[in-house]
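S.K.: Just data.txt, nothing more (compact mmCIF, N, CA and C atoms and all ligand atoms):
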```txt
# COMPACT_ATOMS: atom_id res chain seq x y z
N MET A 23 113.33 85.49 94.22
CA MET A 23 112.54 86.49 93.49
C MET A 23 111.18 85.91 93.11
N HIS A 24 110.09 86.58 93.54
CA HIS A 24 108.74 86.13 93.21
C HIS A 24 108.32 86.67 91.84
N HIS A 25 107.42 85.94 91.22
CA HIS A 25 106.85 86.45 89.97
C HIS A 25 105.34 86.47 90.05
N GLY A 26 104.84 86.50 91.28
CA GLY A 26 103.40 86.49 91.50
C GLY A 26 102.80 87.88 91.36
N VAL A 27 101.48 87.91 91.46
CA VAL A 27 100.73 89.17 91.38
C VAL A 27 99.99 89.38 92.70
N LEU A 28 100.25 90.51 93.31
CA LEU A 28 99.65 90.86 94.60
C LEU A 28 98.75 92.07 94.44
N LEU A 29 97.51 91.95 94.90
CA LEU A 29 96.57 93.09 94.89
C LEU A 29 96.51 93.65 96.31
N ILE A 30 96.65 94.97 96.42
CA ILE A 30 96.62 95.62 97.73
C ILE A 30 95.55 96.69 97.70
N THR A 31 94.56 96.60 98.59
CA THR A 31 93.62 97.73 98.74
C THR A 31 94.17 98.65 99.83
N GLY A 32 93.87 99.94 99.71
CA GLY A 32 94.44 100.90 100.64
C GLY A 32 95.92 101.07 100.42
N ALA A 33 96.31 101.07 99.14
CA ALA A 33 97.74 101.12 98.79
C ALA A 33 98.27 102.54 98.66
N SER A 34 97.43 103.55 98.85
CA SER A 34 97.89 104.91 98.58
C SER A 34 98.69 105.50 99.73
N SER A 35 98.68 104.86 100.89
CA SER A 35 99.44 105.41 102.02
C SER A 35 99.69 104.33 103.06
N GLY A 36 100.44 104.67 104.08
CA GLY A 36 100.57 103.84 105.26
C GLY A 36 101.05 102.42 104.99
N ILE A 37 100.39 101.48 105.65
CA ILE A 37 100.79 100.07 105.60
C ILE A 37 100.68 99.52 104.19
N GLY A 38 99.63 99.94 103.47
CA GLY A 38 99.45 99.43 102.10
C GLY A 38 100.58 99.87 101.18
N ALA A 39 100.95 101.14 101.26
CA ALA A 39 102.04 101.64 100.41
C ALA A 39 103.37 101.00 100.81
N ALA A 40 103.58 100.83 102.11
CA ALA A 40 104.83 100.20 102.57
C ALA A 40 104.89 98.74 102.09
N THR A 41 103.75 98.06 102.13
CA THR A 41 103.71 96.68 101.64
C THR A 41 103.99 96.63 100.15
N ALA A 42 103.45 97.59 99.41
CA ALA A 42 103.70 97.64 97.97
C ALA A 42 105.19 97.81 97.69
N ARG A 43 105.84 98.68 98.43
CA ARG A 43 107.29 98.89 98.21
C ARG A 43 108.08 97.61 98.53
N ALA A 44 107.71 96.95 99.63
CA ALA A 44 108.42 95.72 100.02
C ALA A 44 108.17 94.61 98.99
N ALA A 45 106.93 94.47 98.55
CA ALA A 45 106.60 93.41 97.58
C ALA A 45 107.27 93.68 96.24
N SER A 46 107.34 94.95 95.87
CA SER A 46 108.00 95.32 94.61
C SER A 46 109.48 94.93 94.66
N ARG A 47 110.11 95.18 95.79
CA ARG A 47 111.53 94.79 95.94
C ARG A 47 111.71 93.29 95.77
N GLU A 48 110.68 92.51 96.17
CA GLU A 48 110.75 91.04 96.06
C GLU A 48 110.36 90.54 94.68
N GLY A 49 109.95 91.45 93.80
CA GLY A 49 109.67 91.05 92.43
C GLY A 49 108.21 90.85 92.07
N TYR A 50 107.31 91.13 93.00
CA TYR A 50 105.88 90.98 92.68
C TYR A 50 105.42 92.02 91.67
N LYS A 51 104.49 91.64 90.83
CA LYS A 51 103.68 92.60 90.08
C LYS A 51 102.54 93.01 91.01
N LEU A 52 102.11 94.26 90.87
CA LEU A 52 101.19 94.80 91.87
C LEU A 52 99.94 95.39 91.25
N VAL A 53 98.82 95.15 91.91
CA VAL A 53 97.58 95.88 91.63
C VAL A 53 97.33 96.76 92.84
N LEU A 54 97.41 98.07 92.63
CA LEU A 54 97.32 99.02 93.75
C LEU A 54 95.97 99.73 93.68
N ALA A 55 95.19 99.61 94.76
CA ALA A 55 93.84 100.16 94.76
C ALA A 55 93.63 101.09 95.96
N ALA A 56 92.92 102.18 95.69
CA ALA A 56 92.49 103.13 96.72
C ALA A 56 91.66 104.20 96.00
N ARG A 57 91.17 105.17 96.76
CA ARG A 57 90.37 106.24 96.13
C ARG A 57 91.26 107.33 95.55
N SER A 58 92.47 107.52 96.11
CA SER A 58 93.34 108.63 95.69
C SER A 58 94.22 108.20 94.52
N LYS A 59 93.70 108.38 93.31
CA LYS A 59 94.43 107.89 92.14
C LYS A 59 95.76 108.62 91.95
N ASP A 60 95.81 109.90 92.32
CA ASP A 60 97.06 110.65 92.16
C ASP A 60 98.18 110.04 93.01
N LYS A 61 97.84 109.65 94.22
CA LYS A 61 98.86 109.03 95.09
C LYS A 61 99.27 107.67 94.55
N LEU A 62 98.31 106.91 94.03
CA LEU A 62 98.64 105.60 93.47
C LEU A 62 99.53 105.76 92.24
N ASN A 63 99.23 106.75 91.40
CA ASN A 63 100.05 106.98 90.21
C ASN A 63 101.48 107.35 90.60
N ALA A 64 101.63 108.17 91.63
CA ALA A 64 102.98 108.55 92.08
C ALA A 64 103.74 107.32 92.58
N LEU A 65 103.04 106.45 93.31
CA LEU A 65 103.69 105.23 93.81
C LEU A 65 104.05 104.30 92.64
N ALA A 66 103.16 104.22 91.66
CA ALA A 66 103.45 103.38 90.49
C ALA A 66 104.69 103.89 89.75
N GLN A 67 104.81 105.20 89.61
CA GLN A 67 106.00 105.78 88.97
C GLN A 67 107.26 105.41 89.74
N GLU A 68 107.17 105.47 91.06
CA GLU A 68 108.32 105.14 91.91
C GLU A 68 108.72 103.67 91.76
N LEU A 69 107.72 102.78 91.64
CA LEU A 69 108.00 101.34 91.66
C LEU A 69 108.28 100.78 90.27
N GLY A 70 107.92 101.52 89.24
CA GLY A 70 108.09 101.01 87.87
C GLY A 70 106.73 100.67 87.29
N PRO A 71 106.16 101.58 86.51
CA PRO A 71 104.76 101.43 86.08
C PRO A 71 104.49 100.19 85.25
N GLU A 72 105.53 99.60 84.65
CA GLU A 72 105.29 98.40 83.82
C GLU A 72 104.86 97.20 84.66
N ASN A 73 105.15 97.24 85.96
CA ASN A 73 104.79 96.13 86.84
C ASN A 73 103.64 96.46 87.79
N VAL A 74 102.98 97.59 87.54
CA VAL A 74 101.95 98.06 88.47
C VAL A 74 100.68 98.43 87.70
N LEU A 75 99.55 97.95 88.19
CA LEU A 75 98.24 98.40 87.69
C LEU A 75 97.60 99.24 88.79
N VAL A 76 97.23 100.46 88.44
CA VAL A 76 96.57 101.35 89.39
C VAL A 76 95.06 101.28 89.19
N CYS A 77 94.33 101.08 90.29
CA CYS A 77 92.87 101.02 90.21
C CYS A 77 92.26 102.00 91.21
N GLU A 78 91.50 102.96 90.69
CA GLU A 78 90.75 103.85 91.57
C GLU A 78 89.56 103.05 92.10
N LEU A 79 89.49 102.93 93.41
CA LEU A 79 88.50 102.01 94.00
C LEU A 79 88.02 102.53 95.34
N ASP A 80 86.69 102.49 95.52
CA ASP A 80 86.11 102.61 96.85
C ASP A 80 85.68 101.20 97.24
N VAL A 81 86.26 100.64 98.29
CA VAL A 81 85.97 99.24 98.62
C VAL A 81 84.51 99.01 99.00
N ALA A 82 83.78 100.09 99.26
CA ALA A 82 82.35 99.93 99.57
C ALA A 82 81.53 99.71 98.30
N ASN A 83 82.15 99.84 97.14
CA ASN A 83 81.43 99.74 95.87
C ASN A 83 81.74 98.39 95.21
N PHE A 84 80.73 97.48 95.24
CA PHE A 84 80.97 96.12 94.75
C PHE A 84 81.26 96.08 93.25
N GLU A 85 80.59 96.92 92.49
CA GLU A 85 80.82 96.94 91.03
C GLU A 85 82.27 97.35 90.74
N GLN A 86 82.77 98.33 91.48
CA GLN A 86 84.17 98.75 91.29
C GLN A 86 85.13 97.61 91.65
N GLN A 87 84.77 96.84 92.68
CA GLN A 87 85.62 95.70 93.05
C GLN A 87 85.67 94.67 91.92
N GLN A 88 84.49 94.37 91.36
CA GLN A 88 84.44 93.40 90.26
C GLN A 88 85.25 93.89 89.07
N ALA A 89 85.10 95.17 88.73
CA ALA A 89 85.83 95.73 87.59
C ALA A 89 87.33 95.68 87.84
N MET A 90 87.74 95.94 89.07
CA MET A 90 89.18 95.90 89.41
C MET A 90 89.75 94.49 89.19
N VAL A 91 89.03 93.48 89.67
CA VAL A 91 89.53 92.11 89.52
C VAL A 91 89.60 91.72 88.05
N GLU A 92 88.56 92.09 87.29
CA GLU A 92 88.58 91.77 85.85
C GLU A 92 89.75 92.47 85.16
N HIS A 93 89.96 93.74 85.51
CA HIS A 93 91.06 94.50 84.91
C HIS A 93 92.41 93.87 85.28
N ALA A 94 92.53 93.44 86.52
CA ALA A 94 93.79 92.82 86.98
C ALA A 94 94.06 91.53 86.19
N LEU A 95 93.03 90.73 86.02
CA LEU A 95 93.22 89.46 85.30
C LEU A 95 93.52 89.70 83.83
N GLU A 96 92.89 90.72 83.24
CA GLU A 96 93.20 91.07 81.84
C GLU A 96 94.65 91.52 81.71
N THR A 97 95.13 92.27 82.71
CA THR A 97 96.46 92.87 82.62
C THR A 97 97.57 91.85 82.89
N PHE A 98 97.41 91.07 83.98
CA PHE A 98 98.50 90.19 84.40
C PHE A 98 98.20 88.71 84.20
N GLY A 99 96.92 88.38 83.92
CA GLY A 99 96.57 86.98 83.65
C GLY A 99 96.38 86.13 84.89
N ARG A 100 96.62 86.70 86.07
CA ARG A 100 96.49 85.93 87.31
C ARG A 100 96.47 86.88 88.50
N LEU A 101 95.99 86.36 89.61
CA LEU A 101 96.07 87.06 90.90
C LEU A 101 96.48 86.01 91.92
N ASP A 102 97.58 86.21 92.60
CA ASP A 102 98.08 85.20 93.53
C ASP A 102 97.73 85.49 94.98
N ALA A 103 97.62 86.75 95.31
CA ALA A 103 97.33 87.09 96.72
C ALA A 103 96.66 88.46 96.78
N ILE A 104 95.83 88.62 97.79
CA ILE A 104 95.14 89.90 98.00
C ILE A 104 95.35 90.34 99.44
N PHE A 105 95.79 91.58 99.60
CA PHE A 105 95.93 92.18 100.93
C PHE A 105 94.79 93.18 101.08
N ALA A 106 93.72 92.75 101.77
CA ALA A 106 92.54 93.61 101.97
C ALA A 106 92.81 94.54 103.15
N ASN A 107 93.49 95.63 102.86
CA ASN A 107 94.07 96.49 103.90
C ASN A 107 93.33 97.81 104.05
N ALA A 108 92.48 98.18 103.08
CA ALA A 108 91.84 99.50 103.10
C ALA A 108 91.06 99.70 104.39
N GLY A 109 91.16 100.88 104.91
CA GLY A 109 90.44 101.20 106.13
C GLY A 109 91.02 102.48 106.71
N ARG A 110 90.64 102.78 107.91
CA ARG A 110 91.16 103.98 108.52
C ARG A 110 92.33 103.65 109.41
N GLY A 111 93.38 104.46 109.30
CA GLY A 111 94.59 104.22 110.07
C GLY A 111 94.35 104.42 111.55
N GLY A 112 95.15 103.73 112.34
CA GLY A 112 95.04 103.87 113.79
C GLY A 112 95.77 105.11 114.27
N SER A 113 95.47 105.53 115.46
CA SER A 113 96.24 106.61 116.07
C SER A 113 96.87 106.04 117.34
N PRO A 114 97.98 106.63 117.74
CA PRO A 114 98.69 106.08 118.89
C PRO A 114 97.79 106.05 120.13
N ALA A 115 97.94 105.01 120.91
CA ALA A 115 97.18 104.91 122.14
C ALA A 115 97.58 106.04 123.09
N VAL A 116 96.62 106.52 123.82
CA VAL A 116 96.89 107.61 124.76
C VAL A 116 96.58 107.12 126.16
N LEU A 117 97.50 107.32 127.07
CA LEU A 117 97.26 106.97 128.46
C LEU A 117 96.64 108.19 129.14
N VAL A 118 95.51 108.00 129.78
CA VAL A 118 94.84 109.11 130.44
C VAL A 118 94.91 108.89 131.94
N ALA A 119 95.43 109.88 132.62
CA ALA A 119 95.51 109.77 134.08
C ALA A 119 94.11 109.95 134.68
N PRO A 120 93.76 109.16 135.67
CA PRO A 120 92.44 109.33 136.28
C PRO A 120 92.31 110.69 136.93
N THR A 121 91.13 111.31 136.77
CA THR A 121 90.92 112.64 137.36
C THR A 121 90.15 112.54 138.67
N THR A 122 89.71 111.32 138.99
CA THR A 122 89.00 111.15 140.24
C THR A 122 89.38 109.82 140.85
N THR A 123 89.22 109.70 142.11
CA THR A 123 89.51 108.42 142.78
C THR A 123 88.24 107.76 143.26
N HIS A 124 87.05 108.23 142.77
CA HIS A 124 85.79 107.61 143.20
C HIS A 124 85.84 106.11 142.95
N GLY A 125 85.52 105.35 143.90
CA GLY A 125 85.44 103.90 143.75
C GLY A 125 86.78 103.21 143.87
N VAL A 126 87.84 103.99 144.06
CA VAL A 126 89.17 103.38 144.16
C VAL A 126 89.60 103.42 145.63
N ARG A 127 89.96 102.30 146.17
CA ARG A 127 90.39 102.25 147.58
C ARG A 127 91.89 102.07 147.67
N1 LIG A 201 98.14 101.92 111.78
C1 LIG A 201 97.72 101.16 112.81
O1 LIG A 201 98.19 101.26 113.94
C2 LIG A 201 96.65 100.11 112.57
C3 LIG A 201 96.29 99.27 113.60
C4 LIG A 201 95.32 98.28 113.40
C5 LIG A 201 94.72 98.17 112.16
N2 LIG A 201 95.08 99.01 111.16
C6 LIG A 201 94.41 98.86 109.89
O2 LIG A 201 95.39 98.73 108.86
C7 LIG A 201 94.88 99.35 107.69
C8 LIG A 201 95.89 100.39 107.15
O3 LIG A 201 96.16 101.33 108.17
P1 LIG A 201 97.16 102.55 107.90
O4 LIG A 201 97.63 102.99 109.23
O5 LIG A 201 98.12 102.20 106.85
O6 LIG A 201 96.08 103.62 107.38
P2 LIG A 201 96.22 104.86 106.36
O7 LIG A 201 97.61 105.34 106.23
O8 LIG A 201 95.15 105.82 106.79
O9 LIG A 201 95.83 104.19 104.98
C9 LIG A 201 94.52 103.74 104.78
C10 LIG A 201 94.43 103.33 103.31
O10 LIG A 201 93.11 102.83 103.08
C11 LIG A 201 92.57 103.52 101.96
N3 LIG A 201 91.14 103.60 102.08
C12 LIG A 201 90.41 104.11 103.11
N4 LIG A 201 89.10 103.99 102.85
C13 LIG A 201 89.00 103.41 101.63
C14 LIG A 201 87.90 103.03 100.80
N5 LIG A 201 86.63 103.23 101.19
N6 LIG A 201 88.15 102.45 99.62
C15 LIG A 201 89.43 102.24 99.23
N7 LIG A 201 90.52 102.57 99.94
C16 LIG A 201 90.29 103.16 101.15
C17 LIG A 201 93.26 104.87 101.95
O11 LIG A 201 93.31 105.40 100.64
P3 LIG A 201 92.33 106.50 100.02
O12 LIG A 201 91.99 107.47 101.13
O13 LIG A 201 93.15 107.05 98.91
O14 LIG A 201 91.15 105.72 99.54
C18 LIG A 201 94.67 104.47 102.37
O15 LIG A 201 95.40 104.01 101.25
C19 LIG A 201 93.53 99.95 108.03
O16 LIG A 201 92.51 99.06 107.62
C20 LIG A 201 93.58 100.07 109.52
O17 LIG A 201 92.29 100.01 110.09
C21 LIG A 201 96.03 99.97 111.34
```
Kindly return the structure encoded in the file as structure tokens.
M.R.:
Amino acid sequence: MHHGVLLITGASSGIGAATARAASREGYKLVLAARSKDKLNALAQELGPENVLVCELDVANFEQQQAMVEHALETFGRLDAIFANAGRGGSPAVLVAPTTTHGVR
């Protein structure tokens, strides 16, 4: 059982939310950051709000990043790891059949 503090950006969905659930099961305290505060609050309720700090954050905003880290340190007294995951999700690769044979022998 870990007792560390993990900060995850892009925690409101996808890989970030899945990582939050897995880390919570292992005992981590979590700082969950993304723009969608409603989704983060729902995830915090699911995981146990006493071990989760929700931060509304746009990663493009440096002041918001600084405020998030300060808030995390005030709340938990430490930060052990950061998963900088925020970004746009991928879509499945698509195989496209060639429509022409130009240049193919
Ligand atoms: N899924 C794949 O196959 C794949 C492959 C390679 C790399 N990746 C990378 O892995 C990461 C997660 O992918 P995913 O599939 O889990 O995507 P996802 O479900 O679309 O989740 C993206 C997360 O990033 C957050 N986010 C986006 N822009 C943000 C911003 N400006 N500030 C703060 N948070 C932001 C979103 O929350 P809000 O919209 O609430 O802010 C959301 O929580 C991405 O960086 C993606 O590029 C994914």
S.K.: From the list A:Ala103, A:Met90, A:Ala39, A:Val74, which residue is nearest ligand LIG 201 (chain A) when using all atoms listed in the file?
M.R.: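 Nearest candidate to ligand LIG 201 (chain A) out of A:Ala103, A:Met90, A:Ala39, A:Val74: A:Ala39.
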S.K.: How big is the axis-aligned box around the listed atoms of ligand LIG 201 (chain A) once 6 Å is added on each side, and where is its centre? Give both in Å to one decimal, as AutoDock Vina command-line options.
M.R.:
```
--center_x 92.4 --center_y 102.8 --center_z 106.4 --size_x 23.6 --size_y 21.3 --size_z 27.0
```
S.K.: Any residue with an atom at most 9 Å from ligand LIG 201 (chain A) counts, using only C-alpha atoms and all ligand atoms. Which are they? Put them as a VMD selection string.
M.R.: chain A and resid 31 to 40 55 to 62 78 to 83 106 to 114
S.K.: CA of Leu28 in chain A and atom N of Ala89 in chain A, how far apart in Å?
M.R.: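 Value for the atom N of Ala89 in chain A-CA of Leu28 in chain A distance: 16.3 Å.
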S.K.: Which of range 41-77 of chain A counts as alpha helix (DSSP H) under DSSP, as a VMD selection string please?
M.R.: chain A and resid 41 to 47 59 to 69
S.K.: List every residue of range 39-108 of chain A that DSSP, applied to the backbone, labels as strand (DSSP E or B), and write the result as a PyMOL selection string.
M.R.: chain A and resi 51-56+74-78+103-106
S.K.: Would you put the residues from that selection into a file with N, CA and C atoms, as a CSV table (one decimal), keeping the file's coordinate frame?
M.R.:
```csv
chain,number,residue,atom,x,y,z
A,51,LYS,N,104.5,91.6,90.8
A,51,LYS,CA,103.7,92.6,90.1
A,51,LYS,C,102.5,93.0,91.0
A,52,LEU,N,102.1,94.3,90.9
A,52,LEU,CA,101.2,94.8,91.9
A,52,LEU,C,99.9,95.4,91.2
A,53,VAL,N,98.8,95.2,91.9
A,53,VAL,CA,97.6,95.9,91.6
A,53,VAL,C,97.3,96.8,92.8
A,54,LEU,N,97.4,98.1,92.6
A,54,LEU,CA,97.3,99.0,93.8
A,54,LEU,C,96.0,99.7,93.7
A,55,ALA,N,95.2,99.6,94.8
A,55,ALA,CA,93.8,100.2,94.8
A,55,ALA,C,93.6,101.1,96.0
A,56,ALA,N,92.9,102.2,95.7
A,56,ALA,CA,92.5,103.1,96.7
A,56,ALA,C,91.7,104.2,96.0
A,74,VAL,N,103.0,97.6,87.5
A,74,VAL,CA,102.0,98.1,88.5
A,74,VAL,C,100.7,98.4,87.7
A,75,LEU,N,99.6,98.0,88.2
A,75,LEU,CA,98.2,98.4,87.7
A,75,LEU,C,97.6,99.2,88.8
A,76,VAL,N,97.2,100.5,88.4
A,76,VAL,CA,96.6,101.4,89.4
A,76,VAL,C,95.1,101.3,89.2
A,77,CYS,N,94.3,101.1,90.3
A,77,CYS,CA,92.9,101.0,90.2
A,77,CYS,C,92.3,102.0,91.2
A,78,GLU,N,91.5,103.0,90.7
A,78,GLU,CA,90.8,103.8,91.6
A,78,GLU,C,89.6,103.0,92.1
A,103,ALA,N,97.6,86.8,95.3
A,103,ALA,CA,97.3,87.1,96.7
A,103,ALA,C,96.7,88.5,96.8
A,104,ILE,N,95.8,88.6,97.8
A,104,ILE,CA,95.1,89.9,98.0
A,104,ILE,C,95.4,90.3,99.4
A,105,PHE,N,95.8,91.6,99.6
A,105,PHE,CA,95.9,92.2,100.9
A,105,PHE,C,94.8,93.2,101.1
A,106,ALA,N,93.7,92.8,101.8
A,106,ALA,CA,92.5,93.6,102.0
A,106,ALA,C,92.8,94.5,103.2
```
S.K.: Could you tell me how far atom C of Gly99 in chain A lies from atom N of Gln87 in chain A, in Å and to one decimal?
M.R.: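 So the answer is 17.6 Å.
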S.K.: Find the distance between CA of Glu85 in chain A and CA of Leu65 in chain A and write it in Å to one decimal.
M.R.: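 According to the coordinates, CA of Glu85 in chain A and CA of Leu65 in chain A are separated by 24.5 Å.
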S.K.: Just the residues within 5 Å of Lys51 in chain A, please, counting all atoms listed in the file, with nothing from its chain fewer than 3 positions along; format it as a list in words.
M.R.: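 Within the cut-off, the hits are Gly26, Val27, Leu28 and Asn73 of chain A.
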S.K.: So, counting only N, CA and C atoms, which residue among A:Cys77, A:Leu29, A:Leu54, A:Gln88 is closest to Asp102 in chain A?
M.R.: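 The closest residue to Asp102 in chain A is A:Leu29.
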S.K.: Hey, which of A:His25, A:Val91, A:Phe105, A:Ile30 ends up closest to Val53 in chain A? Count only N, CA and C atoms.
M.R.: A:Ile30
